[in-house]
file start-v1.cif (mmCIF, C-alpha atoms)
data_protein
#
loop_
_atom_site.label_atom_id
_atom_site.label_comp_id
_atom_site.auth_asym_id
_atom_site.auth_seq_id
_atom_site.Cartn_x
_atom_site.Cartn_y
_atom_site.Cartn_z
CA MET A 21 -2.35 -57.09 6.32
CA SER A 22 -3.18 -53.48 7.18
CA ASP A 23 -6.69 -52.26 6.38
CA LEU A 24 -7.03 -49.15 4.21
CA THR A 25 -10.80 -49.35 3.82
CA GLY A 26 -12.33 -45.90 3.47
CA LYS A 27 -9.11 -44.30 2.28
CA VAL A 28 -8.65 -42.70 -1.14
CA ALA A 29 -5.26 -43.23 -2.75
CA LEU A 30 -3.72 -41.58 -5.80
CA VAL A 31 -0.75 -43.21 -7.52
CA THR A 32 0.98 -41.27 -10.28
CA GLY A 33 2.26 -43.41 -13.12
CA GLY A 34 0.14 -46.39 -12.12
CA SER A 35 -0.63 -48.14 -15.38
CA ARG A 36 2.21 -50.67 -15.38
CA GLY A 37 5.32 -51.95 -13.63
CA ILE A 38 5.91 -50.79 -10.06
CA GLY A 39 3.04 -48.31 -10.28
CA ARG A 40 0.55 -51.02 -11.22
CA ALA A 41 1.78 -53.24 -8.39
CA ILE A 42 1.24 -50.36 -5.94
CA VAL A 43 -2.27 -49.72 -7.26
CA LEU A 44 -3.17 -53.40 -6.85
CA GLU A 45 -1.65 -53.67 -3.36
CA LEU A 46 -3.50 -50.60 -2.06
CA ALA A 47 -6.75 -51.82 -3.62
CA ARG A 48 -6.21 -55.27 -2.09
CA ARG A 49 -6.03 -53.58 1.30
CA GLY A 50 -9.35 -51.80 0.77
CA ALA A 51 -8.44 -48.35 -0.57
CA ALA A 52 -10.26 -46.76 -3.48
CA VAL A 53 -7.41 -46.09 -5.89
CA ALA A 54 -7.01 -43.52 -8.64
CA PHE A 55 -3.93 -43.44 -10.80
CA SER A 56 -2.53 -41.26 -13.53
CA TYR A 57 -0.90 -42.33 -16.75
CA ALA A 58 0.89 -40.38 -19.46
CA SER A 59 0.56 -42.89 -22.32
CA ARG A 60 -0.41 -46.53 -22.92
CA GLU A 61 -4.15 -46.14 -22.43
CA GLU A 62 -4.64 -49.86 -23.00
CA ALA A 63 -2.36 -50.68 -20.05
CA ALA A 64 -4.31 -48.22 -17.89
CA HIS A 65 -7.60 -49.94 -18.74
CA GLU A 66 -6.01 -53.29 -17.94
CA THR A 67 -4.97 -52.04 -14.50
CA VAL A 68 -8.53 -50.89 -13.81
CA SER A 69 -9.79 -54.35 -14.83
CA LEU A 70 -7.31 -56.04 -12.50
CA VAL A 71 -8.51 -53.91 -9.58
CA SER A 72 -12.13 -54.71 -10.45
CA ALA A 73 -11.29 -58.41 -10.43
CA LEU A 74 -10.11 -57.96 -6.84
CA GLY A 75 -13.47 -56.41 -5.99
CA GLY A 76 -11.91 -52.97 -5.69
CA LYS A 77 -12.55 -49.55 -7.17
CA ALA A 78 -10.09 -47.84 -9.50
CA LEU A 79 -10.04 -44.71 -11.63
CA ALA A 80 -7.56 -44.05 -14.43
CA VAL A 81 -6.84 -40.43 -15.36
CA HIS A 82 -4.64 -39.28 -18.23
CA ALA A 83 -2.37 -36.56 -16.81
CA ASP A 84 1.11 -35.07 -17.03
CA SER A 85 2.22 -34.86 -13.41
CA GLY A 86 4.91 -32.32 -14.28
CA ASP A 87 2.35 -29.76 -15.46
CA ALA A 88 0.64 -27.61 -12.81
CA ALA A 89 -2.68 -27.23 -14.68
CA ALA A 90 -2.82 -30.97 -15.38
CA VAL A 91 -2.15 -31.77 -11.73
CA LYS A 92 -4.97 -29.47 -10.61
CA ALA A 93 -7.33 -31.15 -13.08
CA LEU A 94 -6.15 -34.58 -11.89
CA PHE A 95 -6.90 -33.83 -8.25
CA ASP A 96 -10.24 -32.21 -9.11
CA THR A 97 -11.25 -35.32 -11.07
CA VAL A 98 -10.22 -37.71 -8.31
CA THR A 99 -11.93 -35.66 -5.60
CA ARG A 100 -15.20 -35.53 -7.54
CA ALA A 101 -15.16 -39.25 -8.25
CA LEU A 102 -13.76 -40.73 -5.04
CA GLY A 103 -13.28 -37.97 -2.49
CA PRO A 104 -10.22 -36.08 -1.19
CA VAL A 105 -6.90 -37.89 -1.49
CA ASP A 106 -5.71 -39.50 1.76
CA ILE A 107 -2.70 -41.37 0.36
CA LEU A 108 -0.49 -39.91 -2.36
CA VAL A 109 2.15 -42.05 -4.03
CA ASN A 110 4.48 -40.08 -6.28
CA ASN A 111 5.64 -42.83 -8.61
CA ALA A 112 5.59 -41.23 -12.08
CA GLY A 113 9.03 -41.06 -13.61
CA ILE A 114 10.94 -41.11 -16.86
CA THR A 115 14.52 -41.69 -17.97
CA LYS A 116 16.55 -39.98 -20.66
CA ASP A 117 19.95 -41.55 -20.09
CA GLY A 118 23.29 -40.40 -21.42
CA LEU A 119 26.72 -39.38 -20.23
CA SER A 120 26.79 -35.90 -18.72
CA MET A 121 29.18 -34.51 -21.33
CA THR A 122 26.74 -35.35 -24.13
CA MET A 123 23.42 -34.95 -22.29
CA SER A 124 21.26 -32.15 -23.64
CA GLU A 125 19.73 -29.52 -21.40
CA ASP A 126 16.31 -30.62 -22.61
CA ALA A 127 16.98 -34.19 -21.47
CA PHE A 128 18.12 -32.97 -18.07
CA ASP A 129 15.23 -30.54 -17.64
CA GLU A 130 12.51 -32.98 -18.75
CA VAL A 131 13.54 -35.72 -16.32
CA LEU A 132 13.60 -33.26 -13.40
CA ARG A 133 10.29 -31.75 -14.53
CA VAL A 134 8.48 -35.08 -14.45
CA ASN A 135 10.28 -36.89 -11.66
CA LEU A 136 10.90 -34.10 -9.15
CA LYS A 137 8.70 -31.14 -10.00
CA GLY A 138 5.80 -33.53 -10.57
CA ALA A 139 6.13 -34.90 -7.05
CA PHE A 140 6.27 -31.36 -5.64
CA LEU A 141 3.15 -30.30 -7.55
CA CYS A 142 1.19 -33.36 -6.48
CA ALA A 143 2.25 -33.06 -2.85
CA LYS A 144 1.26 -29.41 -2.86
CA ALA A 145 -2.17 -30.28 -4.24
CA ALA A 146 -2.66 -32.99 -1.61
CA GLU A 147 -1.50 -31.04 1.43
CA ARG A 148 -4.48 -28.79 2.14
CA PRO A 149 -7.17 -31.53 2.08
CA MET A 150 -4.94 -33.74 4.23
CA MET A 151 -4.39 -30.90 6.69
CA LYS A 152 -8.14 -30.38 6.99
CA LYS A 153 -8.57 -34.07 7.84
CA ARG A 154 -5.48 -34.05 10.05
CA TRP A 155 -4.45 -37.31 8.41
CA GLY A 156 -2.41 -38.09 5.35
CA ARG A 157 0.29 -40.19 3.80
CA ILE A 158 2.70 -39.05 1.10
CA ILE A 159 5.10 -41.65 -0.28
CA ASN A 160 7.73 -40.68 -2.83
CA LEU A 161 9.39 -43.25 -5.09
CA SER A 162 13.08 -42.42 -5.06
CA SER A 163 15.76 -44.91 -6.18
CA ILE A 164 19.00 -46.50 -5.07
CA VAL A 165 20.48 -44.37 -7.87
CA GLY A 166 19.52 -41.28 -5.89
CA LEU A 167 21.70 -42.52 -3.03
CA ARG A 168 24.63 -43.96 -4.95
CA GLY A 169 24.61 -42.24 -8.34
CA ASN A 170 24.93 -44.09 -11.63
CA ALA A 171 27.06 -43.38 -14.68
CA GLY A 172 24.93 -42.19 -17.57
CA GLN A 173 22.06 -41.03 -15.37
CA ALA A 174 23.01 -37.59 -14.09
CA ASN A 175 19.47 -36.30 -14.66
CA TYR A 176 17.70 -39.35 -13.19
CA ALA A 177 20.01 -39.58 -10.17
CA ALA A 178 19.61 -35.86 -9.48
CA SER A 179 15.82 -36.15 -9.64
CA LYS A 180 15.75 -39.13 -7.29
CA ALA A 181 18.19 -37.53 -4.85
CA GLY A 182 16.01 -34.41 -4.96
CA LEU A 183 13.00 -36.51 -3.97
CA ILE A 184 14.80 -37.51 -0.79
CA GLY A 185 15.40 -33.87 0.11
CA LEU A 186 11.78 -33.06 -0.72
CA THR A 187 10.61 -35.97 1.44
CA LYS A 188 12.54 -34.84 4.49
CA THR A 189 11.47 -31.22 4.12
CA LEU A 190 7.77 -32.03 3.70
CA ALA A 191 7.98 -34.42 6.65
CA LYS A 192 9.10 -31.54 8.87
CA GLU A 193 6.49 -29.15 7.50
CA LEU A 194 3.51 -31.51 7.86
CA ALA A 195 4.26 -33.59 10.93
CA THR A 196 2.12 -31.56 13.33
CA ARG A 197 -0.94 -32.22 11.15
CA ASN A 198 -0.56 -36.00 11.40
CA ILE A 199 0.70 -36.26 7.82
CA THR A 200 3.67 -38.52 7.27
CA VAL A 201 6.02 -38.23 4.30
CA ASN A 202 8.41 -41.04 3.46
CA ALA A 203 10.35 -42.37 0.51
CA VAL A 204 10.91 -45.83 -0.91
CA ALA A 205 14.14 -46.34 -2.84
CA PRO A 206 13.95 -49.40 -5.08
CA GLY A 207 17.06 -51.10 -6.36
CA PHE A 208 16.96 -53.05 -9.61
CA ILE A 209 13.42 -54.35 -10.04
CA ASP A 210 12.18 -56.87 -12.61
CA THR A 211 10.13 -54.61 -14.90
CA ASP A 212 9.83 -53.85 -18.62
CA MET A 213 12.91 -51.62 -18.33
CA THR A 214 15.17 -54.36 -16.97
CA ALA A 215 13.67 -57.10 -19.16
CA VAL A 216 15.24 -55.62 -22.30
CA LEU A 217 18.77 -55.48 -20.86
CA PRO A 218 21.36 -57.76 -22.48
CA GLU A 219 22.24 -60.87 -20.45
CA GLN A 220 25.74 -59.55 -19.81
CA ALA A 221 24.30 -56.34 -18.35
CA LYS A 222 21.91 -58.33 -16.15
CA ALA A 223 24.78 -60.49 -14.89
CA SER A 224 26.74 -57.37 -14.00
CA LEU A 225 23.75 -55.96 -12.12
CA LEU A 226 23.22 -59.17 -10.16
CA ASN A 227 26.88 -59.19 -9.16
CA GLY A 228 26.30 -55.91 -7.31
CA ILE A 229 23.25 -57.18 -5.41
CA PRO A 230 24.05 -59.14 -2.22
CA MET A 231 20.84 -61.20 -2.61
CA LYS A 232 21.86 -62.05 -6.20
CA ARG A 233 18.44 -61.47 -7.71
CA LEU A 234 16.26 -58.69 -9.02
CA GLY A 235 13.41 -57.48 -6.89
CA ALA A 236 9.76 -57.81 -7.87
CA PRO A 237 7.36 -54.87 -8.23
CA GLU A 238 5.35 -56.40 -5.40
CA ASP A 239 8.33 -56.00 -3.06
CA VAL A 240 8.17 -52.25 -3.59
CA ALA A 241 4.38 -52.18 -3.39
CA ARG A 242 4.36 -53.81 0.04
CA ALA A 243 6.84 -51.22 1.34
CA VAL A 244 4.60 -48.43 0.04
CA ALA A 245 1.54 -50.03 1.63
CA PHE A 246 3.36 -50.19 4.96
CA PHE A 247 4.09 -46.46 4.88
CA ALA A 248 0.42 -45.85 4.00
CA SER A 249 -0.80 -47.83 7.00
CA GLU A 250 -1.50 -46.99 10.63
CA GLU A 251 1.42 -49.25 11.56
CA ALA A 252 3.72 -46.53 10.18
CA SER A 253 1.96 -43.63 11.92
CA TYR A 254 5.08 -42.64 13.90
CA ILE A 255 7.50 -42.92 10.99
CA THR A 256 8.19 -39.88 8.84
CA GLY A 257 11.05 -38.42 6.83
CA GLN A 258 12.57 -41.84 6.22
CA VAL A 259 14.00 -43.59 3.16
CA LEU A 260 13.41 -47.34 2.92
CA CYS A 261 15.69 -49.12 0.46
CA VAL A 262 14.09 -52.09 -1.27
CA ASP A 263 17.23 -53.22 -3.02
CA GLY A 264 18.37 -56.68 -1.96
CA GLY A 265 21.15 -55.15 0.09
CA MET A 266 22.74 -52.83 -2.50
CA ALA A 267 22.86 -49.87 -0.12
CA VAL A 268 24.64 -51.81 2.62
#
call {"tool": "encode", "arguments": {"input": "start-v1.cif", "output": "structure tokens"}}
result
Amino acid sequence: MSDLTGKVALVTGGSRGIGRAIVLELARRGAAVAFSYASREEAAHETVSLVSALGGKALAVHADSGDAAAVKALFDTVTRALGPVDILVNNAGITKDGLSMTMSEDAFDEVLRVNLKGAFLCAKAAERPMMKKRWGRIINLSSIVGLRGNAGQANYAASKAGLIGLTKTLAKELATRNITVNAVAPGFIDTDMTAVLPEQAKASLLNGIPMKRLGAPEDVARAVAFFASEEASYITGQVLCVDGGMAV
């Protein structure tokens, strides 16, 4: 297991699901971890307690990652409490699904604001401190949907495809400063969102997964932790699909 002792990590959208698993994995490897949350304060406190039980240090900050002023306040808070951010994980995301012909502009705009603009704002805030240290890791949570598309998710798919373009561009801009930028593209993961699907819908999903099972949040978290580690120091601009073979 790679050692992240002495590193400060920030995970957006870290109170539950994949975000919580990432927070716990980075803390387990020794990083001091801050995370943002938009709602569900109780879940955020629970995540902090879980990190404490591991003997780690965590900080929960209420913030809207799609708002520039909120992002500045988030980074200021984390820097004061833990130090400059070494590892940024852009995980915060929302869905507002619907067929394109009936999708409202507001639904399209809001998903891109949170999922894509939020990642841009957070990366921008992290870049200068990382450049000063000449070390940094930025990991963006894309999706298999960003590679393949998905009916009823024009906004979500566009935001996740945009994250891949953002990842590759930032990788080129920051490489000479020893900052790597990569993306993880989860497939269908066993979270609160998939738990409420009807059994018929789950069966249909499984039929499209060569491994015939949903992934676990921990599968994604370990991929993120790899990109955050020294073992991945010569890997940048890449997209790692954690999808049970869906992208094959």
call {"tool": "residues_around", "arguments": {"input": "start-v1.cif", "residues": "Ser120 of chain A", "least_positions_apart": "4", "cutoff": "12 Å", "atoms": "all atoms listed in the file", "output": "NGL selection string"}}
result
:A and (116 or 124-125 or 127-128 or 170-178)
call {"tool": "write_last_selection", "arguments": {"input": "start-v1.cif", "atoms": "C-alpha atoms", "output": "short mmCIF file (atom, residue, chain, number, x, y, z; two decimals), in the frame of the given file"}}
result
data_model
loop_
_atom_site.label_atom_id
_atom_site.label_comp_id
_atom_site.auth_asym_id
_atom_site.auth_seq_id
_atom_site.Cartn_x
_atom_site.Cartn_y
_atom_site.Cartn_z
CA LYS A 116 16.55 -39.98 -20.66
CA SER A 124 21.26 -32.15 -23.64
CA GLU A 125 19.73 -29.52 -21.40
CA ALA A 127 16.98 -34.19 -21.47
CA PHE A 128 18.12 -32.97 -18.07
CA ASN A 170 24.93 -44.09 -11.63
CA ALA A 171 27.06 -43.38 -14.68
CA GLY A 172 24.93 -42.19 -17.57
CA GLN A 173 22.06 -41.03 -15.37
CA ALA A 174 23.01 -37.59 -14.09
CA ASN A 175 19.47 -36.30 -14.66
CA TYR A 176 17.70 -39.35 -13.19
CA ALA A 177 20.01 -39.58 -10.17
CA ALA A 178 19.61 -35.86 -9.48
#
call {"tool": "closest_residue", "arguments": {"input": "start-v1.cif", "among": "A:Ala145, A:Leu183, A:Leu70, A:Ala90", "to": "Gly113 of chain A", "atoms": "only C-alpha atoms"}}
result
A:Leu183
call {"tool": "closest_atom_pairs", "arguments": {"input": "start-v1.cif", "of": "segment 120-153 of chain A", "to": "segment 96-105 of chain A", "cutoff": "10 Å", "atoms": "all atoms listed in the file", "output": "Markdown table"}}
result
| residue | atom | partner | partner_atom | distance |
| --- | --- | --- | --- | --- |
| A:Ala145 | CA | A:Val105 | CA | 9.4 |
| A:Ala146 | CA | A:Val105 | CA | 6.5 |
| A:Glu147 | CA | A:Val105 | CA | 9.2 |
| A:Arg148 | CA | A:Pro104 | CA | 9.9 |
| A:Pro149 | CA | A:Pro104 | CA | 6.4 |
| A:Met150 | CA | A:Val105 | CA | 7.3 |
| A:Lys153 | CA | A:Pro104 | CA | 9.4 |
call {"tool": "resolve_selection", "arguments": {"input": "start-v1.cif", "expression": "the PyMOL selection byres ((chain A and resi 205) around 10)", "output": "list in words"}}
result
Asn160, Leu161, Ser162, Ser163, Ile164, Val165, Gly166, Leu167, Lys180, Ala181, Leu183, Ile184, Ala203, Val204, Pro206, Gly207, Phe208, Val240, Ala243, Val259, Leu260, Cys261, Val262, Asp263 and Ala267 of chain A
call {"tool": "resolve_selection", "arguments": {"input": "start-v1.cif", "expression": "the PyMOL selection byres ((chain A and resi 29-34) around 7)", "output": "VMD selection string"}}
result
chain A and resid 27 to 28 35 to 36 39 to 40 43 51 to 57 105 to 112
call {"tool": "atom_distance", "arguments": {"input": "start-v1.cif", "atom1": "atom CA of Lys188 of chain A", "atom2": "atom CA of Val91 of chain A"}}
result
22.1 Å
call {"tool": "resolve_selection", "arguments": {"input": "start-v1.cif", "expression": "the PyMOL selection byres ((chain A and resi 234) around 9)", "output": "list in words"}}
result
Gly207, Phe208, Ile209, Asp210, Leu225, Leu226, Ile229, Met231, Lys232, Arg233, Gly235, Ala236, Asp263 and Gly264 of chain A
